[in-house]
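Colleague: Here it is, the structure, as structure tokens.
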Amino acid sequence: MSGESAALQELERDRLTRFDVIFANPPYSIKKWGRAKFSSDPYERNKYGVPPQGCADYAFFQQIFKSLNPKMGRAEMLWPHGVLFRNSEQRIRRQVIEAWQVGRVELKNQSKKLFQALEELGFKA
């Protein structure tokens, strides 16, 4: 899929295409993205909220989850550390984590601040 997939995903008989496995390394914190279009998405890819204009990370995150096969889909995603603790996306982050089974969060270049952010979300460091 192309870089535009968060806004324009391939459809299959008026439904989103679903995948058993998704490996993703979405673009980080893109400033100009289709926020207005995402906010009125007919496929509920915005179920947990619409991210701020300067931080599209959770738009991609929700796109990925909505594209998973609901019975057996799983995803592996690579994100910058900011996705775990930016205040502007705290409500969306909490809802996503509460609604989905998050198997693990692996941190590279770990720091005390990151561990505190994870503990606030209910993860044990």
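Residues in the structure tokens are named by chain (A, B, ... in the order shown) and by number from 1 within that chain; ligands are numbered from 1 in the order shown.
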Enumerate as a short mmCIF file (atom, residue, chain, number, x, y, z; two decimals) with N, CA and C atoms, in the first residue's frame all residues of range 34-102 of chain A assigned to strand (DSSP E or B) by DSSP on the backbone, naming them with the chain letters and numbers the document uses.

Modeller:
data_model
loop_
_atom_site.label_atom_id
_atom_site.label_comp_id
_atom_site.auth_asym_id
_atom_site.auth_seq_id
_atom_site.Cartn_x
_atom_site.Cartn_y
_atom_site.Cartn_z
N LEU A 68 -6.94 -4.80 10.38
CA LEU A 68 -6.63 -6.17 10.79
C LEU A 68 -7.86 -7.05 10.71
N ARG A 74 -2.93 -9.52 13.44
CA ARG A 74 -1.91 -9.02 14.37
C ARG A 74 -0.99 -8.08 13.61
N ALA A 75 -0.40 -7.17 14.36
CA ALA A 75 0.44 -6.16 13.72
C ALA A 75 1.72 -5.95 14.50
N GLU A 76 2.74 -5.60 13.78
CA GLU A 76 4.04 -5.21 14.35
C GLU A 76 4.32 -3.83 13.78
N MET A 77 4.48 -2.84 14.67
CA MET A 77 4.66 -1.47 14.22
C MET A 77 5.88 -0.84 14.86
#

Colleague: To test your reading of the structure, identify every residue in range 20-57 of chain A that backbone DSSP assigns to helix (DSSP H, G or I), and report it as a list of chain:residue names.

Modeller: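 The helix (DSSP H, G or I) residues within range 20-57 of chain A come out as A:Arg35, A:Ala36, A:Lys37, A:Phe38, A:Ser39, A:Asp57.
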
Colleague: Name the closest residue to Asn25 in chain A among the candidates A:Gln63, A:Ser40, A:Gln53, A:Leu78; distances are taken between atoms, counting only C-alpha atoms.

Modeller: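 Answer, going by the shortest atom-to-atom distance: A:Leu78.
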
Colleague: Tell me which of A:Gln90, A:Met72, A:Pro27, A:Asp20 sits closest to Asp57 in chain A, counting only C-alpha atoms.

Modeller: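 Ranking A:Gln90, A:Met72, A:Pro27, A:Asp20 by distance to Asp57 in chain A, first place goes to A:Pro27.
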
Colleague: Could you list, as a PDB file with N, CA and C atoms, in the first residue's frame, every residue within 10 Å of Phe65 in chain A, counting only C-alpha atoms and ignoring same-chain residues fewer than 5 positions away?

Modeller:
ATOM      1  N   ARG A  18      -9.018  -6.327   4.733  1.00  0.00           N
ATOM      2  CA  ARG A  18      -8.533  -6.797   6.029  1.00  0.00           C
ATOM      3  C   ARG A  18      -7.328  -7.706   5.823  1.00  0.00           C
ATOM      4  N   PHE A  19      -6.411  -7.672   6.783  1.00  0.00           N
ATOM      5  CA  PHE A  19      -5.168  -8.429   6.690  1.00  0.00           C
ATOM      6  C   PHE A  19      -4.954  -9.264   7.946  1.00  0.00           C
ATOM      7  N   ILE A  22       0.119  -7.360   9.616  1.00  0.00           N
ATOM      8  CA  ILE A  22       0.579  -6.079   9.073  1.00  0.00           C
ATOM      9  C   ILE A  22       1.900  -5.734   9.752  1.00  0.00           C
ATOM     10  N   ARG A  45     -12.294   4.576  11.026  1.00  0.00           N
ATOM     11  CA  ARG A  45     -10.872   4.484  11.348  1.00  0.00           C
ATOM     12  C   ARG A  45     -10.498   5.543  12.377  1.00  0.00           C
ATOM     13  N   PHE A  60      -2.480   6.802  11.633  1.00  0.00           N
ATOM     14  CA  PHE A  60      -1.910   5.587  11.047  1.00  0.00           C
ATOM     15  C   PHE A  60      -2.155   4.382  11.959  1.00  0.00           C
ATOM     16  N   PRO A  70     -10.424  -9.126  12.188  1.00  0.00           N
ATOM     17  CA  PRO A  70     -10.871  -9.057  13.581  1.00  0.00           C
ATOM     18  C   PRO A  70     -10.708 -10.351  14.370  1.00  0.00           C
ATOM     19  N   GLY A  73      -6.111 -11.166  13.255  1.00  0.00           N
ATOM     20  CA  GLY A  73      -5.129 -10.198  12.780  1.00  0.00           C
ATOM     21  C   GLY A  73      -4.158  -9.765  13.862  1.00  0.00           C
ATOM     22  N   ARG A  74      -2.932  -9.525  13.442  1.00  0.00           N
ATOM     23  CA  ARG A  74      -1.913  -9.018  14.368  1.00  0.00           C
ATOM     24  C   ARG A  74      -0.994  -8.077  13.608  1.00  0.00           C
ATOM     25  N   ALA A  75      -0.395  -7.166  14.356  1.00  0.00           N
ATOM     26  CA  ALA A  75       0.443  -6.158  13.716  1.00  0.00           C
ATOM     27  C   ALA A  75       1.723  -5.954  14.502  1.00  0.00           C
ATOM     28  N   VAL A  96      -7.048   3.340  22.754  1.00  0.00           N
ATOM     29  CA  VAL A  96      -6.488   2.287  21.891  1.00  0.00           C
ATOM     30  C   VAL A  96      -5.953   1.140  22.739  1.00  0.00           C
ATOM     31  N   TRP A 100      -7.637  -2.671  22.659  1.00  0.00           N
ATOM     32  CA  TRP A 100      -6.905  -3.693  21.909  1.00  0.00           C
ATOM     33  C   TRP A 100      -5.945  -4.435  22.816  1.00  0.00           C
TER      34      TRP A 100
END

Colleague: Give me, as a ChimeraX atom specification, all polymer residues having an atom no more than 6 Å from Ala56 in chain A, counting only C-alpha atoms and skipping those fewer than 2 positions away in the same chain.

Modeller: /A:29-30,58-59

Colleague: Rank A:Phe61, A:Arg94, A:Gly54, A:Trp79 by their smallest atom-to-atom distance to Arg35 in chain A, using only C-alpha atoms, and report the top residue only.

Modeller: A:Gly54

Colleague: With distances taken over only C-alpha atoms, which of A:Ile97, A:Leu84, A:Leu16, A:Ala24 is nearest to Asp41 in chain A?

Modeller: A:Leu16
